[in-house]
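Peer 1: I have a structure I would like to understand better, so I am pasting it below and will then ask my questions one at a time.
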Amino acid sequence: MKPITAAAAVLALFSAVLPITAYAQEERGEERVTLTTEDGWDLAARYLKASEGAPTVVLLHTQKSDMTEWTAWFKPMKRYGFGYLAMDLRGHGNSFIRPDGSTTTWRTFSTDGQDNEYNRMLRDVEAALAFLSTNSVTGESTVLAGSVLGANLAIKAAAIHPEVGMVIAISPVLNVNSVLSVNPLRAYGNRPLLMIGGADRARQYTEFQILNSTAKIACGKENAAVIIEARGFGPKLVNRYNIRRVLDWIKNPRLPEIVDFSTAAISGYEPQAAGENSFSDEEPGTLPADEYE
């Protein structure tokens with residue numbers, strides 16, 4: 001019998017492992033699903049089942065956007081074994097059919113009132129949680145992640161659903177289209193919360209600091225984590241350079257090096273004062289009229 005060479009042994013190992021790897025990837029293929037809300041909206045969504053024991057992240061986009069803003073998250077989350085459920089909120093993307101069968105977009109939604117369509121988007125989040133529950137995903141292994149409007153909705157939904165494990169709030173604000181954040185944050189409780197903000201917009205950064213202070217009281221300092229980037233607002237704050245920090249935080253919410261990461265502090269960058277905001281053509285001291293709308 002010929003002796004088995006090292007190369008042959010390696011080839012044999014790869015031939016044994018590769019079919020298993022391919023099978024595992026096939027098992028975790030993304031699905032296009034439809035979520036139905038309590039008030040009759042059908043929402044377009046993308047779902048990837050988590051590996052055993054891994055969390056599932058519900059992704060809630062910014063106003064005037066859609067679930068494609070999370071595209072940069074999909075591959076890294078899959079590599080980590082995480083699951084995800086990204087949806088088009090009502091009136092956005094492919095979620096444009098009203099319960100009565102007519103079509104509409106966010107452009108027709110009122111931005112005023114505590115029962116406007118933006119506040120009713122809480123039912124969109126609850127439809128996502130119900131979908132995950134029917135797919136054997138527990139609240140404890142569920143992460144709500146949102147950007148601007150989505151961040152406020154994530155905080156509000158988590159305050160109502162204490163079974164949700166944790167929240168990632170990207171550019172949360174005090175008020176976006178009458179979806180408020182302070183009182184829900186006060187009711188959030190003793191759970192991990194990661195807030196991500198940019199330091200270059202004076203008003204938003206001030207609001208971010210208010211919410212961070214509220215979070216430390218509501219959640220406890222040991223649960224309130226912050227990432228501050230020198231520049232950026234909304235979904236652009238998380239990119240291929242820092243996505244790993246965010247996903248590592250999900251795995252270990254008390255990871256010390258994640259809690260105090262701040263490119264603003266590292267670079268010595270200071271937030272622009274009101275009236276110096278390069279993003280605004282409005283009068284000094286104001287943000288664009290549609291900043292949070």
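Simple scheme: letters A, B, ... for chains in structure tokens order, numbers from 1 for residues in each chain, numbers from 1 for ligands in the order shown.
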Against range 60-67 of chain A, which residues of range 127-200 of chain A fall within 8 Å? For each one I want the closest pair of atoms and the distance in Å (one decimal), counting only C-alpha atoms, rows by chain and increasing residue number, as JSON lines.

Peer 2:
```
{"residue": "A:Leu144", "atom": "CA", "partner": "A:Leu60", "partner_atom": "CA", "distance": 7.7}
{"residue": "A:Ala145", "atom": "CA", "partner": "A:Leu60", "partner_atom": "CA", "distance": 6.1}
{"residue": "A:Gly146", "atom": "CA", "partner": "A:Leu60", "partner_atom": "CA", "distance": 4.4}
{"residue": "A:Ser147", "atom": "CA", "partner": "A:Thr62", "partner_atom": "CA", "distance": 5.1}
{"residue": "A:Val148", "atom": "CA", "partner": "A:Thr62", "partner_atom": "CA", "distance": 5.4}
{"residue": "A:Leu149", "atom": "CA", "partner": "A:Thr62", "partner_atom": "CA", "distance": 5.2}
{"residue": "A:Gly150", "atom": "CA", "partner": "A:Leu60", "partner_atom": "CA", "distance": 4.6}
{"residue": "A:Ala151", "atom": "CA", "partner": "A:Leu60", "partner_atom": "CA", "distance": 7.2}
{"residue": "A:Leu153", "atom": "CA", "partner": "A:Leu60", "partner_atom": "CA", "distance": 7.8}
{"residue": "A:Ala154", "atom": "CA", "partner": "A:Leu60", "partner_atom": "CA", "distance": 7.4}
```

Peer 1: If DSSP is run on the backbone, what residues of range 58-120 of chain A are strand (DSSP E)? A reply as a list in words would be ideal.

Peer 2: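 Everything in range 58-120 of chain A that counts as strand (DSSP E) is Val58, Leu59, Leu60, Gly83, Tyr84, Leu85, Ala86 and Met87 of chain A.
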
Peer 1: Include all heavy atoms and write out the residues we just selected as a PDB file, in the first residue's frame.

Peer 2:
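Heads up, here's the output in result.pdb:
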```pdb
ATOM      1  N   VAL A  58     -33.501  42.677  13.823  1.00  0.00           N
ATOM      2  CA  VAL A  58     -34.584  43.308  13.068  1.00  0.00           C
ATOM      3  C   VAL A  58     -34.105  44.698  12.663  1.00  0.00           C
ATOM      4  O   VAL A  58     -33.729  45.509  13.515  1.00  0.00           O
ATOM      5  CB  VAL A  58     -35.869  43.417  13.907  1.00  0.00           C
ATOM      6  CG1 VAL A  58     -36.965  44.136  13.124  1.00  0.00           C
ATOM      7  CG2 VAL A  58     -36.348  42.033  14.330  1.00  0.00           C
ATOM      8  N   LEU A  59     -34.106  44.984  11.366  1.00  0.00           N
ATOM      9  CA  LEU A  59     -33.522  46.210  10.831  1.00  0.00           C
ATOM     10  C   LEU A  59     -34.615  47.179  10.389  1.00  0.00           C
ATOM     11  O   LEU A  59     -35.425  46.859   9.507  1.00  0.00           O
ATOM     12  CB  LEU A  59     -32.610  45.864   9.652  1.00  0.00           C
ATOM     13  CG  LEU A  59     -31.424  44.946  10.022  1.00  0.00           C
ATOM     14  CD1 LEU A  59     -30.836  44.300   8.774  1.00  0.00           C
ATOM     15  CD2 LEU A  59     -30.361  45.731  10.771  1.00  0.00           C
ATOM     16  N   LEU A  60     -34.630  48.362  10.997  1.00  0.00           N
ATOM     17  CA  LEU A  60     -35.666  49.368  10.764  1.00  0.00           C
ATOM     18  C   LEU A  60     -35.027  50.603  10.141  1.00  0.00           C
ATOM     19  O   LEU A  60     -34.208  51.277  10.775  1.00  0.00           O
ATOM     20  CB  LEU A  60     -36.349  49.732  12.086  1.00  0.00           C
ATOM     21  CG  LEU A  60     -36.873  48.540  12.908  1.00  0.00           C
ATOM     22  CD1 LEU A  60     -37.334  49.004  14.284  1.00  0.00           C
ATOM     23  CD2 LEU A  60     -38.005  47.841  12.166  1.00  0.00           C
ATOM     24  N   GLY A  83     -28.851  36.019  12.314  1.00  0.00           N
ATOM     25  CA  GLY A  83     -29.982  36.121  11.411  1.00  0.00           C
ATOM     26  C   GLY A  83     -30.385  37.576  11.280  1.00  0.00           C
ATOM     27  O   GLY A  83     -29.951  38.430  12.059  1.00  0.00           O
ATOM     28  N   TYR A  84     -31.208  37.870  10.286  1.00  0.00           N
ATOM     29  CA  TYR A  84     -31.722  39.235  10.174  1.00  0.00           C
ATOM     30  C   TYR A  84     -33.099  39.228   9.526  1.00  0.00           C
ATOM     31  O   TYR A  84     -33.472  38.312   8.787  1.00  0.00           O
ATOM     32  CB  TYR A  84     -30.770  40.145   9.392  1.00  0.00           C
ATOM     33  CG  TYR A  84     -30.438  39.716   7.984  1.00  0.00           C
ATOM     34  CD1 TYR A  84     -31.334  39.893   6.922  1.00  0.00           C
ATOM     35  CD2 TYR A  84     -29.197  39.148   7.690  1.00  0.00           C
ATOM     36  CE1 TYR A  84     -31.011  39.518   5.632  1.00  0.00           C
ATOM     37  CE2 TYR A  84     -28.864  38.766   6.398  1.00  0.00           C
ATOM     38  CZ  TYR A  84     -29.775  38.958   5.374  1.00  0.00           C
ATOM     39  OH  TYR A  84     -29.455  38.579   4.091  1.00  0.00           O
ATOM     40  N   LEU A  85     -33.850  40.267   9.853  1.00  0.00           N
ATOM     41  CA  LEU A  85     -35.150  40.511   9.240  1.00  0.00           C
ATOM     42  C   LEU A  85     -35.203  41.995   8.912  1.00  0.00           C
ATOM     43  O   LEU A  85     -35.327  42.836   9.805  1.00  0.00           O
ATOM     44  CB  LEU A  85     -36.287  40.122  10.190  1.00  0.00           C
ATOM     45  CG  LEU A  85     -37.717  40.347   9.670  1.00  0.00           C
ATOM     46  CD1 LEU A  85     -37.974  39.528   8.409  1.00  0.00           C
ATOM     47  CD2 LEU A  85     -38.744  39.998  10.744  1.00  0.00           C
ATOM     48  N   ALA A  86     -35.034  42.312   7.639  1.00  0.00           N
ATOM     49  CA  ALA A  86     -35.076  43.700   7.175  1.00  0.00           C
ATOM     50  C   ALA A  86     -36.379  43.910   6.425  1.00  0.00           C
ATOM     51  O   ALA A  86     -36.762  43.080   5.602  1.00  0.00           O
ATOM     52  CB  ALA A  86     -33.886  43.994   6.270  1.00  0.00           C
ATOM     53  N   MET A  87     -37.046  45.017   6.707  1.00  0.00           N
ATOM     54  CA  MET A  87     -38.346  45.256   6.079  1.00  0.00           C
ATOM     55  C   MET A  87     -38.420  46.653   5.489  1.00  0.00           C
ATOM     56  O   MET A  87     -37.664  47.548   5.881  1.00  0.00           O
ATOM     57  CB  MET A  87     -39.461  45.087   7.107  1.00  0.00           C
ATOM     58  CG  MET A  87     -39.572  46.250   8.078  1.00  0.00           C
ATOM     59  SD  MET A  87     -40.868  46.035   9.310  1.00  0.00           S
ATOM     60  CE  MET A  87     -39.947  45.111  10.534  1.00  0.00           C
TER      61      MET A  87
END
```

Peer 1: Please provide the set of residues having any atom within 8 Å of Gly91 in chain A, restricted to only C-alpha atoms, with same-chain residues fewer than 6 positions apart removed, written as a list of chain:residue names.

Peer 2: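 Once the nearby chain positions are removed, what remains is A:Ile97, A:Thr104, A:Thr105, A:Trp106.
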
Peer 1: Give the answer as one residue: which of A:Ala128, A:Arg123, A:Pro55, A:Glu117 has the shortest atom-to-atom distance to Thr34 in chain A, using only C-alpha atoms?

Peer 2: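 Using only C-alpha atoms, the shortest distance to Thr34 in chain A belongs to A:Ala128.
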
Peer 1: May I ask for the distance between CA of Ser181 in chain A and CA of Asn152 in chain A, given in Å to one decimal place?

Peer 2: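 Between these atoms lies a distance of 5.4 Å.
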
Peer 1: Apply DSSP to the backbone of this structure and, from range 80-247 of chain A, keep only the residues in helix (DSSP H, G or I); write these as number ranges by chain.

Peer 2: A: 80, 106-108, 117-120, 122-134, 149-160, 182-186, 202-219, 234-237, 243-247

Peer 1: May I have the residues within 8 Å of range 216-223 of chain A as a PDB file with N, CA, C and O atoms, in the first residue's frame, using only C-alpha atoms and disregarding those fewer than 4 positions away in the same chain?

Peer 2:
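Output saved as around_1.pdb:
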```
ATOM      1  N   LEU A 185     -37.495  55.723  26.178  1.00  0.00           N
ATOM      2  CA  LEU A 185     -36.158  55.395  26.662  1.00  0.00           C
ATOM      3  C   LEU A 185     -36.144  55.277  28.180  1.00  0.00           C
ATOM      4  O   LEU A 185     -35.487  54.401  28.746  1.00  0.00           O
ATOM      5  N   ARG A 186     -36.896  56.139  28.849  1.00  0.00           N
ATOM      6  CA  ARG A 186     -36.995  56.061  30.311  1.00  0.00           C
ATOM      7  C   ARG A 186     -37.622  54.749  30.761  1.00  0.00           C
ATOM      8  O   ARG A 186     -37.329  54.247  31.842  1.00  0.00           O
ATOM      9  N   ALA A 187     -38.499  54.202  29.913  1.00  0.00           N
ATOM     10  CA  ALA A 187     -39.181  52.950  30.255  1.00  0.00           C
ATOM     11  C   ALA A 187     -38.445  51.722  29.731  1.00  0.00           C
ATOM     12  O   ALA A 187     -38.913  50.598  29.911  1.00  0.00           O
ATOM     13  N   TYR A 188     -37.306  51.923  29.104  1.00  0.00           N
ATOM     14  CA  TYR A 188     -36.582  50.829  28.433  1.00  0.00           C
ATOM     15  C   TYR A 188     -36.125  49.757  29.411  1.00  0.00           C
ATOM     16  O   TYR A 188     -36.191  48.560  29.126  1.00  0.00           O
ATOM     17  N   GLY A 189     -35.630  50.176  30.542  1.00  0.00           N
ATOM     18  CA  GLY A 189     -35.254  49.196  31.557  1.00  0.00           C
ATOM     19  C   GLY A 189     -33.809  48.745  31.476  1.00  0.00           C
ATOM     20  O   GLY A 189     -33.011  49.231  30.674  1.00  0.00           O
ATOM     21  N   ASN A 190     -33.487  47.776  32.291  1.00  0.00           N
ATOM     22  CA  ASN A 190     -32.115  47.329  32.505  1.00  0.00           C
ATOM     23  C   ASN A 190     -31.690  46.308  31.444  1.00  0.00           C
ATOM     24  O   ASN A 190     -31.556  45.120  31.713  1.00  0.00           O
ATOM     25  N   ARG A 191     -31.489  46.815  30.223  1.00  0.00           N
ATOM     26  CA  ARG A 191     -31.077  45.971  29.097  1.00  0.00           C
ATOM     27  C   ARG A 191     -29.980  46.678  28.310  1.00  0.00           C
ATOM     28  O   ARG A 191     -29.874  47.905  28.353  1.00  0.00           O
ATOM     29  N   PRO A 192     -29.185  45.927  27.549  1.00  0.00           N
ATOM     30  CA  PRO A 192     -28.137  46.564  26.742  1.00  0.00           C
ATOM     31  C   PRO A 192     -28.714  47.474  25.662  1.00  0.00           C
ATOM     32  O   PRO A 192     -29.708  47.147  25.014  1.00  0.00           O
ATOM     33  N   LEU A 193     -28.072  48.612  25.484  1.00  0.00           N
ATOM     34  CA  LEU A 193     -28.460  49.580  24.465  1.00  0.00           C
ATOM     35  C   LEU A 193     -27.195  50.190  23.876  1.00  0.00           C
ATOM     36  O   LEU A 193     -26.337  50.687  24.608  1.00  0.00           O
ATOM     37  N   ASN A 212     -28.292  60.025  25.474  1.00  0.00           N
ATOM     38  CA  ASN A 212     -27.267  59.200  26.113  1.00  0.00           C
ATOM     39  C   ASN A 212     -27.331  59.337  27.631  1.00  0.00           C
ATOM     40  O   ASN A 212     -27.230  58.341  28.364  1.00  0.00           O
ATOM     41  N   PRO A 253     -22.250  42.601  24.828  1.00  0.00           N
ATOM     42  CA  PRO A 253     -22.651  44.002  25.017  1.00  0.00           C
ATOM     43  C   PRO A 253     -21.813  44.776  26.024  1.00  0.00           C
ATOM     44  O   PRO A 253     -21.909  45.992  26.079  1.00  0.00           O
ATOM     45  N   ARG A 254     -21.030  44.086  26.817  1.00  0.00           N
ATOM     46  CA  ARG A 254     -20.221  44.791  27.810  1.00  0.00           C
ATOM     47  C   ARG A 254     -18.742  44.781  27.441  1.00  0.00           C
ATOM     48  O   ARG A 254     -17.882  44.985  28.281  1.00  0.00           O
TER      49      ARG A 254
END
```

Peer 1: Write out as an MDAnalysis selection string each polymer residue whose atoms come within 8 Å of Leu211 in chain A, counting only C-alpha atoms; drop sequence neighbours fewer than 5 positions from it.

Peer 2: chainID A and resid 172:174 182 185
